[in-house]
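Single-structure report; data block below.
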Amino acid sequence: MNQYALVVGVSCFQNGLQSLAYVEDDVNDFCGILSDHFHIDCDDISYFTNAAATEDEIMSAVRDICAKVSKGDRVILYFATHGKTSYNTTYLSAYDASVENEGDTKGWIRVEQILGDFHNAGCSIIAFIDSCHSTQFCISRSNSEVALNNIWEEDSPGEYMAVFAAAGENENAYPDPDFGHGCWTHYLIEALSGRAPRAYIGNTGRITIHSLQPYLKEKVSARMLERYQKVQTPHFWGTYPDDILIVEHSLAEDKWMKVKDIYFGAIDTDSEKDSVPHADFLAKNFYDLDSVSGKLADNNALHFIVGNKGSGKTYLGKYLEDTNKNSVYESVGMITLSDIQKITTAQADIRGKYIPAWKYTLFTILACIIVRKDMPGATEFRQFLSDIYGNQLDIILSEFSASKRMLLNKKIKRGIKMCEAFDAFEDDNGKTYIDGLNVLYSYLFNKYYRDNKVYFLIDGLDEQFRVKINEDQQNSLLDLFAAVNESHVNLVGVKIILLFRNDLLHTLPSESNKNKDITERSHTLTWLSNDTCYRNTPLYQFMEKRITTSAEAAGISNGVSLTDILPPQMRSAGDSLPVETWYWILTLTTYTPRDIVSFFNCCKKYSGEQRFLTQENLWSATRDYSIYLWDEFQDVLVGTPLGNCGTELETLFNRIAQSHNIRTNTRFTFAEFQAHYLQIEELKDIPIAVALKVLYEVGIMCVHTNSGT
C-alpha cells in the first residue's frame, strides 16, 4: 500500500475572512507526524499554506494525486482553516474564499467533492479536519448502513473513508493558547505521535478509528469546557467495513507505567514509611513540604499546624525530623486529661489552672528526647531528670514510646527534692514545685539552644480530647494552647509546634480566645484553592508528584501524569451531563491526601494490566472506597453529638439513596433530608440544625447551594 497526503492550512485570507491562530504550527507539526510515524516521503506530501492554498491549487493537487494512485492506496488529508455548512453541505475555505453571502462558494472547497474524487480513484481515505462547522453527518455510518449520498456507491473502488472533524455542524473549533495549537489538533498530534496511550487499542500501540475518536472527543470536550467554558464536540463520520488501523507504534516496555505499578501511597504515615519502594519516596512524595518548612522557620509566631484528619500533619512532622537535624517529632497521644490533672495544683475555679501542668509535660518530653538522641545538653538534662525520676528514668527512656504517662505522677504535685545544682527554687522544706521546675527547664533550654534553634513538633494530643468533649476538656485544651504561646515568650531557641485536627478546634466555645491563640498563629494544611480549575490545587499536584515519582523510579524519562491515567470525563447514570474526572473524584472524598490515596488504591485493584483507568474501573472502586470512607466518618464523628449514631446515619443515607438516585445526582433538598431524618427515632433528640452542622464540618455532606439543595 502506497500512501499520499494533502495538507492545507490557511491562517490569513485574501478577501477579509478572520485570521486564524497557530495554523502554521498545526500543519508543520502534522507534516512531521506524516514523515515520522506514517513514513510518507516528502515528495508524496502535497503541502499548501496561506497564499499558496487557493481553490485552484488545492483542486489541482487533488487531481494530481488521483492520477498517480493505485487501487488500495491510502490518502491522508489534513485541513486547518475556516469551515461552514451551506445547504447541508460542508465547505472549507481556501486562501481566496469569498465572504459575500452564504450561498457564494467561490474559494470554498466542498468536502464531498474531494472525498468523492479520491474514493472514485480507488483510494482509501482518512481525513482530519480542524475547522468550525466541520461535521456534515452527526452519526457514524458503516458499510452495512446507509451509504453516503454521492460519495459511496456499492462496489466502488475505495475500501473505506473515515473523516475526523474537530467540531459539530453548529460549533466552533477553538485555538488553545496554552498549547500553541488548535485544541483538537493538539490532541490529534499527541495521539498520532504515540504520546497518548489512551488512544491505543488496549496496550497494543495500535491506533484505530474506534480508539482515536473517543480519545479526541473526551479530551477536547473536557478541555474546552473546563479551561475556557466553551463547547466543542469532535465528531467522526464515514463509511468503512469495520475498525480501521490508522497507525501503529512500537511499545518499549519501560515507556508507560501500568496503573498497578504506581505507588500512590498509604493512608497513614507509619504505613507509608514501611511501604515506600525506597527511602527517598518519603521526601519526594509529599507536595510543598519545603514551603511549609520554610514558613515554620521564617515566622516566629507560627505555633500550630492544623488540618482535617488525613491532611498530612503527621507526614509533615516526620518529614521535618528526617530532613532537618534540628527538628524533633514526637507523638504523645497517650497523654490524657486525667494525667494532666495528676500534677495540677491550682484550684478548680482558677483560670488557666492547667497551664503549668502542660508546660511541664511538654518540657519533660522534650528533655527526654534530648537525652535519648544525645543532643546538646544531654548530660545536664539527664541529671535534671534523674533528680525527678530517680531509678525510673532509665526504664522510661528505654521504653519511651509506651511510658510517657509515667512522667506524670502525683509526686510532682508534692514537690521534688533537687540536687544542689538545681535547688534555686526550693521552699523551706527543700522541695521544688512545678512552677520552679518549669523555670529550670526554661533555663536549660535557653542555655543550650539560644543559638541552636530546635523545632519540637507534638502530634497526637488531639486524639484523647476527641473521646469526650466537656467543659473541663475544653478548658484544658485552651490551656494547652496558652502554654505553647507562653513558652515561646520564655524560650529563645526552642519552638514548640502543635499538630492538631480542625474538627476538634470546632468544638471550642465561640467566646474563647481561639482566634487569638490559634488562628493568627497557625498554618492550615488545606488541599484545595479558589482556582476554578480543579487541577490548579495542591491536592492535584500532590497526586501528580506521586505518579511522577513512581515514573522516575521506574526509569521512565518522558514522565507519566495524572491526565494520562484518568479518563477526561465521568458520566453518571441517566441523562446527566458528564463532568471532569478529577472534579468527580473530589466529590467522593473529603479533600485530603488520605482519602485520595485510598481511592486510587481501590482503583488499582480493577486496573489489571492497563496503563490508564477507565470509567468502569472508577465506578467499581467506589464500592470498596465507600467501606473505607464510612469507617473514617464514624471515627471523625467521635466527640460530636452524632458520635454514637453511626447505625442511624447509615440508615438515613440509605433511605435517601433509595428515594433519590444518588449516582445520577448527588444533590437533594433540605426537605428530602428532613423527611427521612425525622423518621428515625434515635435522631429526634438531636436538632436537625446541629446534625447538619456536624455533617458539613466532617465532610459527609457538602455545603448547600443557593437553590436549597
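Residue numbering restarts at 1 for every chain of the C-alpha cells, chains are lettered A, B, ... in their displayed order, and ligands are numbered from 1 as they appear.
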Determine, counting only C-alpha atoms, which protein, DNA and RNA residues have an atom within 10 Å of an atom of segment 584-586 of chain A; residues of the same chain fewer than 3 positions away are not included. Present the result as a PDB file with C-alpha atoms, in the first residue's frame.
```pdb
ATOM      1  CA  LEU A 528      -7.976  22.970  47.649  1.00  0.00           C
ATOM      2  CA  TYR A 534      -9.609  21.993  39.945  1.00  0.00           C
ATOM      3  CA  LEU A 539      -4.231  18.094  46.138  1.00  0.00           C
ATOM      4  CA  TYR A 540      -3.968  17.567  42.377  1.00  0.00           C
ATOM      5  CA  GLN A 569     -14.781  12.816  31.913  1.00  0.00           C
ATOM      6  CA  MET A 570     -17.099  10.711  34.026  1.00  0.00           C
ATOM      7  CA  ARG A 571     -20.684  10.178  33.009  1.00  0.00           C
ATOM      8  CA  SER A 572     -23.191   9.218  35.664  1.00  0.00           C
ATOM      9  CA  PRO A 578     -20.532  14.322  32.085  1.00  0.00           C
ATOM     10  CA  VAL A 579     -18.156  16.064  34.480  1.00  0.00           C
ATOM     11  CA  GLU A 580     -14.382  16.392  34.508  1.00  0.00           C
ATOM     12  CA  THR A 581     -12.999  13.272  36.181  1.00  0.00           C
ATOM     13  CA  THR A 589     -13.763  12.481  49.130  1.00  0.00           C
ATOM     14  CA  THR A 590     -13.172  14.887  51.989  1.00  0.00           C
ATOM     15  CA  TYR A 591     -10.413  16.670  50.052  1.00  0.00           C
ATOM     16  CA  THR A 592      -7.467  15.158  51.947  1.00  0.00           C
ATOM     17  CA  ASP A 595      -8.837   9.881  51.128  1.00  0.00           C
ATOM     18  CA  ILE A 596      -7.445  10.425  47.635  1.00  0.00           C
ATOM     19  CA  PHE A 599      -9.497   5.892  46.425  1.00  0.00           C
ATOM     20  CA  PHE A 600      -6.660   5.417  43.933  1.00  0.00           C
ATOM     21  CA  LEU A 618     -13.527   4.128  38.769  1.00  0.00           C
ATOM     22  CA  THR A 622     -16.350   3.367  44.644  1.00  0.00           C
TER      23      THR A 622
END
```
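By only C-alpha atoms, and with residues fewer than 3 positions from Glu682 of chain A along its chain excluded, the set lying at most 9 Å from it is A:Cys645, A:Glu648, A:Asp685, A:Ile686.
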- Message: For Leu613 of chain A, find every residue with an atom within 8 Å (counting only C-alpha atoms), except residues of its own chain fewer than 2 positions away, and show them as an NGL selection string.
- Response: :A and (259 or 565-567 or 603 or 607 or 610-611 or 615 or 617-618)
Selection from above, N, CA and C atoms, as a PDB file, in the first residue's frame, can you write it?
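Below you can see selection24.pdb, which holds the result:
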```pdb
ATOM      1  N   VAL A 259      -0.961   1.075  35.707  1.00  0.00           N
ATOM      2  CA  VAL A 259      -1.530   1.709  36.901  1.00  0.00           C
ATOM      3  C   VAL A 259      -1.177   0.918  38.150  1.00  0.00           C
ATOM      4  N   ILE A 565      -3.574   8.824  33.154  1.00  0.00           N
ATOM      5  CA  ILE A 565      -4.184   7.607  33.697  1.00  0.00           C
ATOM      6  C   ILE A 565      -5.677   7.760  33.975  1.00  0.00           C
ATOM      7  N   LEU A 566      -6.223   8.976  33.863  1.00  0.00           N
ATOM      8  CA  LEU A 566      -7.648   9.182  34.134  1.00  0.00           C
ATOM      9  C   LEU A 566      -8.415   9.419  32.845  1.00  0.00           C
ATOM     10  N   PRO A 567      -9.651   8.929  32.745  1.00  0.00           N
ATOM     11  CA  PRO A 567     -10.496   9.348  31.627  1.00  0.00           C
ATOM     12  C   PRO A 567     -10.809  10.833  31.778  1.00  0.00           C
ATOM     13  N   CYS A 603      -8.808   1.854  43.090  1.00  0.00           N
ATOM     14  CA  CYS A 603      -8.837   1.787  41.624  1.00  0.00           C
ATOM     15  C   CYS A 603      -7.824   0.783  41.096  1.00  0.00           C
ATOM     16  N   SER A 607      -7.565  -2.270  37.736  1.00  0.00           N
ATOM     17  CA  SER A 607      -6.894  -1.755  36.543  1.00  0.00           C
ATOM     18  C   SER A 607      -6.239  -2.840  35.703  1.00  0.00           C
ATOM     19  N   GLN A 610      -3.656  -2.538  32.549  1.00  0.00           N
ATOM     20  CA  GLN A 610      -3.861  -1.297  31.799  1.00  0.00           C
ATOM     21  C   GLN A 610      -2.876  -0.212  32.215  1.00  0.00           C
ATOM     22  N   ARG A 611      -2.665   0.725  31.299  1.00  0.00           N
ATOM     23  CA  ARG A 611      -1.840   1.899  31.580  1.00  0.00           C
ATOM     24  C   ARG A 611      -2.689   3.087  31.985  1.00  0.00           C
ATOM     25  N   GLN A 615     -13.697   4.460  32.988  1.00  0.00           N
ATOM     26  CA  GLN A 615     -14.845   4.847  33.806  1.00  0.00           C
ATOM     27  C   GLN A 615     -15.347   3.660  34.618  1.00  0.00           C
ATOM     28  N   ASN A 617     -13.578   1.156  35.764  1.00  0.00           N
ATOM     29  CA  ASN A 617     -12.657   0.951  36.884  1.00  0.00           C
ATOM     30  C   ASN A 617     -13.001   1.877  38.040  1.00  0.00           C
ATOM     31  N   LEU A 618     -13.252   3.142  37.724  1.00  0.00           N
ATOM     32  CA  LEU A 618     -13.527   4.128  38.769  1.00  0.00           C
ATOM     33  C   LEU A 618     -14.839   3.841  39.476  1.00  0.00           C
TER      34      LEU A 618
END
```
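Of note, atom CA of Gln679 of chain A and atom CA of Leu588 of chain A are spaced 26.3 Å apart.
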- Query: Could you write out, as an MDAnalysis selection string, all the residues of segment 95-284 of chain A that DSSP marks as alpha helix (DSSP H)?
  - Reply: chainID A and resid 111:120 183:192 209:228 269:275 280:284
- Among segment 213-405 of chain A, which ones does DSSP place in strand (DSSP E or B), written as number ranges by chain? A: 235-239, 245-248, 304-307, 327-331
Could you write out that same residue set with C-alpha atoms as a tab-separated table (two decimals), in the first residue's frame?
```tsv
chain	number	residue	atom	x	y	z
A	235	HIS	CA	-17.21	14.06	15.54
A	236	PHE	CA	-16.44	11.15	13.30
A	237	TRP	CA	-18.23	10.11	10.14
A	238	GLY	CA	-17.56	7.93	7.15
A	239	THR	CA	-18.07	4.54	5.57
A	245	LEU	CA	-5.88	0.77	11.66
A	246	ILE	CA	-4.61	4.34	11.39
A	247	VAL	CA	-1.07	3.98	12.75
A	248	GLU	CA	0.82	1.56	14.98
A	304	PHE	CA	0.22	25.46	65.15
A	305	ILE	CA	-0.22	23.22	62.12
A	306	VAL	CA	-3.90	22.36	61.75
A	307	GLY	CA	-5.89	20.31	59.27
A	327	SER	CA	13.67	19.16	64.24
A	328	VAL	CA	12.19	16.73	66.74
A	329	TYR	CA	8.87	15.00	66.09
A	330	GLU	CA	7.02	13.06	68.78
A	331	SER	CA	3.56	11.53	69.01
```
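The residue set within 9 Å of Tyr200 of chain A, counting only C-alpha atoms and dropping same-chain residues fewer than 4 places from it, reads Ala191, Gly194, Ala196, Thr204, Gly205, Arg206, Ile207, Thr208, Ser211, Leu212, Tyr215 and Glu248 of chain A.
Going from atom CA of Gly122 of chain A to atom CA of Lys71 of chain A covers 4.4 Å.
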- May I have the residues within 8 Å of segment 493-505 of chain A as a PyMOL selection string, using only C-alpha atoms and disregarding those fewer than 2 positions away in the same chain? chain A and resi 302-309+313-314+445-446+449-462+465-466+484+487-488+491+507-508+636+697-698
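The neighbours of Ile412 of chain A here are the residues that come within 8 Å of it, using only C-alpha atoms and leaving out any residue fewer than 3 positions away in the same chain; they are A:Ile343, A:Leu408, A:Asn409, A:Gly415, A:Ile416, A:Tyr433, A:Ile434.
Distances to Asp29 of chain A were evaluated for A:Pro177, A:Gly16, A:Gly72, A:Gly182 using only C-alpha atoms, and the minimum falls at A:Gly182.
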- Excluding same-chain residues fewer than 6 positions from Val220 of chain A, what lies within 7 Å of it counting only C-alpha atoms, as a list in words? Cys183, Trp184 and Gln232 of chain A
Print the selection's residues with C-alpha atoms to a file, as a compact mmCIF listing (two decimals), in the first residue's frame.
```txt
# COMPACT_ATOMS: atom_id res chain seq x y z
CA CYS A 183 -7.10 22.38 20.72
CA TRP A 184 -8.28 19.44 18.60
CA GLN A 232 -16.58 21.91 21.19
```
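Minimum distance to Ser598 of chain A across A:Asn88, A:Ser626, A:Asn326, A:Asn172 (counting only C-alpha atoms) occurs at A:Ser626.
Of the residues under consideration (A:Thr323, A:Asn601, A:Gln474, A:Thr548), A:Thr548 shows the shortest atom-to-atom contact distance to Val560 of chain A when counting only C-alpha atoms.
Note that the spacing between atom CA of Lys325 of chain A and atom CA of Val492 of chain A amounts to 18.0 Å.
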